[in-house]
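Participant: One structure follows; several queries about it will come next.
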Amino acid sequence: MDWLERTAKLRQWSGNGTRAPHKPLLLLYALGRFQDDAQGELRYSAVESDLQRLLTEYGPAHRTTPAYPFHHLVSDGVWEVRTDRGPGSPGSGVRELRATGATGRLAPELRDALRREPSLLHRMARMLLDRHFPPSLHAELCEAVALEPEPEPSELRPMVPGRRQRDRRMRESVLTAYEYRCAFCGYDGRIGAVPVGLEAAHVRWWAFDGPDDVENGLCLCTLHHKLFDKGVLGIGEGHRILVSQRFAGHSAAAREHVVALAYRPVIGPQPGTRPVAASHRTWHTRQVFQGAPRPGGAG
């Protein structure tokens, strides 16, 4: 049985680039727990708050419940649910899962495969991260689920037939277009002639069919790249910076580096280069940006 292929083909609600990382987050969490205790079960009532935090931080902006993936992941053949009454899930209702003492864990065949081949766990985790989340969030997501995939050269990463490859030229193209300055704050640090702390950010995530081209890229410093991928920052009409009202920071640094950016124009790209395409800006605003934006000059 090809567990990597099953991992790559988790059935999810999708449409027009909509993010639905509920099942991937649950599976990552379950892999982390398996790594710690291969015999353990996850009682829904005990892990519900953990799963809710993951969905709140890494899931879509709209409110959702961990009961949905806890029940529906069974249909993908990688997960099983039992209750006090025996095998089988009582459904996707929160009350039913709590009341019946529902517990979930990886399917028996998958647990056996992971015991025989420990590296499979790391390959599955990497597959989930690559397909559903931007690279800037991989390390902290692994920490959040107590899972550390073994580092692998990119050429050894698990591949799925027909899966497109990243264009390694994108970083240089985007940084050149923005003249090696952060498009949000103008940071342009170098060590000698080498830029440091600057990255090429995808606006529409590569995992969600975002192209590797300048119209889908921004040159951002590492801080603003992370905040952009977390939905704290976005780009609105007129290529002005959006700052989420959900962001809270009372220090002078938080006000200066985040809150004060509200509604400032994006810096760049240089003349002759097309700015971020409206379709990619719209995707990010709908699928990543958290809540409503602050008005310009707020702080």
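FYI, nothing fancy with the structure tokens labels: chains A, B, ... in order, residues from 1 per chain, ligands from 1 as they appear.
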With 12 Å as the cut-off and only C-alpha atoms counted, what is the closest atom pair between each nearby residue of segment 63-145 of chain A and segment 269-293 of chain A? Distances in Å to one decimal, ordered by chain and number, as CSV.

Facilitator:
```
residue,atom,partner,partner_atom,distance
A:Arg63,CA,A:Gly291,CA,10.9
A:Phe133,CA,A:Val288,CA,10.8
A:Pro134,CA,A:Val288,CA,11.2
```

Participant: For the structure I just gave you, how does DSSP split segment 116-217 of chain A - specifically, which residues are helix (DSSP H, G or I)? Reply as a compact mmCIF listing (two decimals) with N, CA and C atoms, in the first residue's frame.

Facilitator:
```txt
# COMPACT_ATOMS: atom_id res chain seq x y z
N ARG A 116 7.61 -0.65 10.87
CA ARG A 116 8.59 -1.34 10.00
C ARG A 116 9.56 -0.36 9.36
N SER A 119 11.31 5.86 8.74
CA SER A 119 11.48 7.03 7.87
C SER A 119 10.19 7.42 7.16
N LEU A 120 9.23 6.49 7.07
CA LEU A 120 7.95 6.79 6.41
C LEU A 120 7.23 7.93 7.12
N LEU A 121 7.34 7.98 8.44
CA LEU A 121 6.68 9.04 9.19
C LEU A 121 7.20 10.40 8.76
N HIS A 122 8.50 10.52 8.60
CA HIS A 122 9.08 11.80 8.21
C HIS A 122 8.68 12.17 6.77
N ARG A 123 8.60 11.18 5.90
CA ARG A 123 8.23 11.46 4.52
C ARG A 123 6.76 11.88 4.42
N MET A 124 5.91 11.25 5.22
CA MET A 124 4.50 11.65 5.24
C MET A 124 4.34 13.07 5.76
N ALA A 125 5.06 13.37 6.84
CA ALA A 125 4.98 14.72 7.40
C ALA A 125 5.44 15.76 6.40
N ARG A 126 6.53 15.47 5.72
CA ARG A 126 7.05 16.43 4.74
C ARG A 126 6.07 16.61 3.58
N MET A 127 5.44 15.51 3.18
CA MET A 127 4.44 15.58 2.13
C MET A 127 3.29 16.52 2.54
N LEU A 128 2.80 16.35 3.76
CA LEU A 128 1.70 17.19 4.25
C LEU A 128 2.11 18.66 4.31
N LEU A 129 3.30 18.92 4.80
CA LEU A 129 3.77 20.30 4.91
C LEU A 129 3.91 20.94 3.54
N ASP A 130 4.54 20.23 2.61
CA ASP A 130 4.79 20.78 1.28
C ASP A 130 3.51 21.05 0.51
N ARG A 131 2.51 20.20 0.70
CA ARG A 131 1.29 20.30 -0.10
C ARG A 131 0.28 21.30 0.46
N HIS A 132 0.40 21.64 1.75
CA HIS A 132 -0.68 22.42 2.36
C HIS A 132 -0.24 23.71 3.05
N PRO A 135 6.60 27.26 3.10
CA PRO A 135 7.82 26.89 3.84
C PRO A 135 8.08 27.72 5.09
N SER A 136 7.64 28.98 5.10
CA SER A 136 7.90 29.82 6.26
C SER A 136 7.21 29.33 7.52
N LEU A 137 6.19 28.46 7.37
CA LEU A 137 5.46 27.97 8.54
C LEU A 137 5.83 26.54 8.93
N HIS A 138 6.67 25.87 8.15
CA HIS A 138 6.93 24.45 8.39
C HIS A 138 7.55 24.19 9.76
N ALA A 139 8.58 24.93 10.12
CA ALA A 139 9.29 24.66 11.37
C ALA A 139 8.39 24.87 12.57
N GLU A 140 7.65 25.97 12.59
CA GLU A 140 6.82 26.24 13.76
C GLU A 140 5.63 25.30 13.83
N LEU A 141 5.13 24.83 12.66
CA LEU A 141 4.03 23.88 12.67
C LEU A 141 4.49 22.54 13.24
N CYS A 142 5.69 22.12 12.85
CA CYS A 142 6.25 20.89 13.41
C CYS A 142 6.40 21.01 14.92
N GLU A 143 6.83 22.16 15.37
CA GLU A 143 6.97 22.38 16.82
C GLU A 143 5.60 22.33 17.48
N ALA A 144 4.59 22.88 16.82
CA ALA A 144 3.25 22.92 17.40
C ALA A 144 2.65 21.52 17.59
N SER A 154 16.20 18.38 -1.14
CA SER A 154 14.97 18.53 -1.90
C SER A 154 14.80 17.45 -2.95
N GLU A 155 15.90 16.93 -3.50
CA GLU A 155 15.77 15.91 -4.54
C GLU A 155 15.33 14.57 -3.98
N LEU A 156 15.42 14.40 -2.64
CA LEU A 156 14.99 13.16 -2.03
C LEU A 156 13.61 13.25 -1.42
N MET A 170 12.80 31.83 -9.14
CA MET A 170 11.84 32.83 -8.67
C MET A 170 12.44 33.78 -7.66
N ARG A 171 13.22 33.26 -6.71
CA ARG A 171 13.76 34.12 -5.66
C ARG A 171 14.55 35.28 -6.25
N GLU A 172 15.46 34.97 -7.16
CA GLU A 172 16.28 36.02 -7.74
C GLU A 172 15.44 37.00 -8.54
N SER A 173 14.45 36.49 -9.27
CA SER A 173 13.59 37.35 -10.08
C SER A 173 12.80 38.32 -9.21
N VAL A 174 12.26 37.84 -8.10
CA VAL A 174 11.45 38.68 -7.22
C VAL A 174 12.31 39.69 -6.49
N LEU A 175 13.45 39.25 -5.94
CA LEU A 175 14.31 40.19 -5.23
C LEU A 175 14.83 41.27 -6.17
N THR A 176 15.13 40.90 -7.41
CA THR A 176 15.57 41.90 -8.39
C THR A 176 14.46 42.88 -8.69
N ALA A 177 13.24 42.37 -8.88
CA ALA A 177 12.10 43.24 -9.19
C ALA A 177 11.87 44.28 -8.11
N TRP A 206 2.22 28.43 -3.16
CA TRP A 206 2.59 27.46 -4.18
C TRP A 206 1.77 26.18 -4.02
N ALA A 207 1.50 25.79 -2.77
CA ALA A 207 0.72 24.58 -2.51
C ALA A 207 -0.71 24.70 -3.03
N PHE A 208 -1.17 25.92 -3.31
CA PHE A 208 -2.51 26.14 -3.83
C PHE A 208 -2.44 26.76 -5.23
N VAL A 214 6.93 36.68 -10.90
CA VAL A 214 7.01 37.95 -10.19
C VAL A 214 5.63 38.49 -9.83
N GLU A 215 4.62 38.25 -10.66
CA GLU A 215 3.28 38.74 -10.38
C GLU A 215 2.63 38.03 -9.19
N ASN A 216 3.26 36.98 -8.71
CA ASN A 216 2.77 36.29 -7.52
C ASN A 216 3.78 36.36 -6.39
```

Participant: Do you have, as a tab-separated table, the list of residues of segment 16-67 of chain A lying at most 12 Å from segment 225-230 of chain A, each with its nearest atom pair and that distance in Å to one decimal, counting only C-alpha atoms and ordered by chain then number?

Facilitator:
```
residue	atom	partner	partner_atom	distance
A:Thr56	CA	A:Lys230	CA	10.8
A:Glu57	CA	A:Lys230	CA	7.8
A:Tyr58	CA	A:Lys230	CA	7.5
A:Gly59	CA	A:Lys230	CA	9.8
A:Pro60	CA	A:Lys230	CA	10.5
A:Ala61	CA	A:Lys230	CA	10.4
```

Participant: Pull N, CA and C atoms from the residues just selected and write them as an mmCIF file, in the first residue's frame.

Facilitator:
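Produced file again-v8.cif, reproduced below:
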```cif
data_model
loop_
_atom_site.group_PDB
_atom_site.id
_atom_site.type_symbol
_atom_site.label_atom_id
_atom_site.label_comp_id
_atom_site.auth_asym_id
_atom_site.auth_seq_id
_atom_site.Cartn_x
_atom_site.Cartn_y
_atom_site.Cartn_z
ATOM 1 N N THR A 56 -7.274 27.146 14.510
ATOM 2 C CA THR A 56 -7.369 28.600 14.651
ATOM 3 C C THR A 56 -6.126 29.285 14.104
ATOM 4 N N GLU A 57 -4.965 28.687 14.366
ATOM 5 C CA GLU A 57 -3.712 29.336 13.976
ATOM 6 C C GLU A 57 -3.310 29.046 12.541
ATOM 7 N N TYR A 58 -3.595 27.836 12.054
ATOM 8 C CA TYR A 58 -3.104 27.454 10.735
ATOM 9 C C TYR A 58 -4.224 27.135 9.738
ATOM 10 N N GLY A 59 -5.453 27.197 10.182
ATOM 11 C CA GLY A 59 -6.570 26.901 9.303
ATOM 12 C C GLY A 59 -7.129 28.147 8.640
ATOM 13 N N PRO A 60 -8.283 28.022 7.976
ATOM 14 C CA PRO A 60 -8.899 29.159 7.301
ATOM 15 C C PRO A 60 -9.410 30.183 8.302
ATOM 16 N N ALA A 61 -9.684 31.393 7.811
ATOM 17 C CA ALA A 61 -10.083 32.477 8.707
ATOM 18 C C ALA A 61 -11.434 32.224 9.360
#
```

Participant: Hey, which of A:Leu51, A:Leu27, A:Leu223, A:Cys182 ends up closest to Val74 of chain A? Count only C-alpha atoms.

Facilitator: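 The shortest atom-to-atom distance to Val74 of chain A comes from A:Leu27.
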
Participant: Just want the 9 Å neighbourhood of segment 90-100 of chain A, counted on only C-alpha atoms, with same-chain residues fewer than 2 positions away dropped. Output as a PyMOL selection string.

Facilitator: chain A and resi 43-45+65-72+81-85+88+102-103

Participant: Please return, as a ChimeraX atom specification, all residues of segment 10-253 of chain A that DSSP assigns to strand (DSSP E or B) on the basis of the backbone.

Facilitator: /A:42-43,79-83,86-87,103-106,190-191,194-195,198-202,217-221,233-235,240-244
